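Notes to accompany the following structure.
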Amino acid sequence: MLSQQELKQQAAEAALTYIEPLLTPNAVIGVGTGSTADLFIDGLARYRTKFRAAVASSERSAQRLTALGIVVLDLNEVHTMPVYVDGADEINAHLHMLKGGGGALTREKIVASVAKKFVCIADESKLVQMLGRFPLPIEVLPLAREAVARVAHALGGEPVLRAGFTTDNGNQILDVHGLSILDAVALEARLNQVPGVVTNGLFAARPADVALLATQKGIRQL
C-alpha cells in the first residue's frame with residue numbers, strides 16, 4: 001500500500017505531466033504552498049529551461065523555487081498565467097476547496113485568480129462529500145480578530161486563534177471548527193463581507209478547473 005507521502009508524489013508528478021504542454025518560453029507558472037506543492041516545485045525544476053518564470057503564493061514557495069534555479073516574479077509583473085497548481089485541505093465533487101492550513105490562503109487566492117486554469121493536486125483523503133471537517137481558516141486584520149470571531153461563532157463555528165502565527169501579509173488567522181458547509185459559494189461571500197476579513201479559505205467562487213487525486217489505484221481526474 002502506498003504511503004501518503006508516495007500518494008502526494010504521485011499527484012505532483014501527474015500535475016507535471018498535465019502542465020507540460022503549457023510550458024512555453026514566455027509562460028509564467030503559478031505555484032502554490034504546502035507539502036504537495038513542495039513536491040511539485042521539486043519536479044518543476046526538471047523543466048526550468050522550458051518556461052520563463054514562476055509566481056509563488058508564499059515566501060516559503062518562492063525560496064524553494066529560487067533555490068532550484070527557477071526565476072520568481074512578483075505577480076504585479078505578470079498579466080496572465082496559463083496555469084496555477086496547488087494542493088487543498090479538502091475538495092468536493094464540485095471542485096470547491098477548503099485551503100489555508102499552511103496560512104497562505106490570501107496569496108493563493110490572488111495568484112489563482114490570474115491563472116487561466118487552476119489544477120488542484122491532492123491525495124484521495126482530501127476528497128469529501130461536504131466541506132468543513134477541516135477547520136476553515138480566515139485571515140483577519142489583528143484589530144478585527146474578536147469582531148470576526150463573534151461573526152464566525154454566530155454562523156455556527158468555533159473560532160480559534162492560530163497561536164504564534166503571522167501570515168506573510170502581517171495578519172492573524174482564525175481557524176473555525178465545527179462548520180458543516182452546505183453552500184460554499186454563499187459562505188465564502190458572507191465571510192468576505194465582514195469588516196476586517198482579508199479573505200477566507202473557501203475557494204468556491206473560483207473553484208479548481210481540474211483535480212488530480214492520487215489513489216491506491218492511480219490518478220483519478222475530476
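We label chains A, B, ... in the order they appear in the C-alpha cells, count residues from 1 in each chain, and number ligands from 1 in the order shown.
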
(request) Please run DSSP on the backbone and report, as a PyMOL selection string, all residues within chain A that come out as strand (DSSP E). (result) chain A and resi 28-31+53-56+83-86+90-91+97-98+118-123+136-140+158-161+172-177+197-200+202-203+210-215+218-221

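Residues with any atom within 6 Å of segment 130-138 of chain A, counting only C-alpha atoms and excluding same-chain neighbours fewer than 5 positions away, are Gly100, Ile173, Leu174, Asp175, Val176, His177, Leu179, Ser180, Ile181, Asn200 and Gly201 of chain A.
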
(message) Between atom CA of Phe51 of chain A and atom CA of Leu22 of chain A, what distance in Å does the model show, to one decimal?
(response) 8.8 Å

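Across A:Val197, A:Leu39, A:Ala45, A:Ala147, the tightest approach to Leu7 of chain A is made by A:Leu39 when counting only C-alpha atoms.
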
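Minimum atom-to-atom distance to Pro142 of chain A, evaluated using only C-alpha atoms, belongs to A:Asn171 out of A:Gln63, A:Gln129, A:Asn171, A:Thr166.
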
(message) Show me, as a VMD selection string, the residues that have an atom within 9 Å of Pro207 of chain A when counting only C-alpha atoms, minus same-chain residues fewer than 3 positions from it.
(response) chain A and resid 94 to 97 118 202 to 204 210

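Interatomic distance, atom CA of Ala37 of chain A against atom CA of Gly157 of chain A: 28.6 Å.
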
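Ranking A:Asn92, A:Ile29, A:Gln4, A:Gln193 by their shortest atom-to-atom distance to Ile70 of chain A, with only C-alpha atoms included, puts A:Ile29 first.
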
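Nearest to Leu16 of chain A of all the residues A:Val128, A:Ala53, A:Val72, A:Cys120 is A:Cys120, counting only C-alpha atoms.
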
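Of the residues listed (A:Glu108, A:Asp74, A:Asp86, A:Glu146), A:Asp86 shows the shortest atom-to-atom separation from Ala122 of chain A; distances use only C-alpha atoms.
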
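Residues of segment 26-122 of chain A that DSSP places in alpha helix (DSSP H), based on the backbone of this structure, are Ser35, Thr36, Ala37, Asp38, Leu39, Phe40, Ile41, Asp42, Gly43, Leu44, Glu59, Arg60, Ser61, Ala62, Gln63, Arg64, Leu65, Thr66, Ala67, Leu105, Thr106, Arg107, Glu108, Lys109, Ile110, Val111, Ala112, Ser113 and Val114 of chain A.
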
(message) I want to know what sits within 7 Å of Thr167 of chain A, based on only C-alpha atoms, with residues of the same chain fewer than 4 positions away left out; could you give that as number ranges by chain?
(response) A: 103-104, 171-172

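Candidate residues A:Ser58, A:Asn169, A:Thr66, A:Ser35 were compared for distance to Ala12 of chain A, and the nearest is A:Ser35, using only C-alpha atoms.
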
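As for atom CA of Gln10 of chain A and atom CA of Thr215 of chain A, they are spaced 8.6 Å apart.
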
(message) Taking 4 positions as the minimum chain separation for residues in the same chain, which residues sit within 10 Å of Pro195 of chain A when counting only C-alpha atoms? Answer as a PyMOL selection string.
(response) chain A and resi 140-141+144+147-148+191
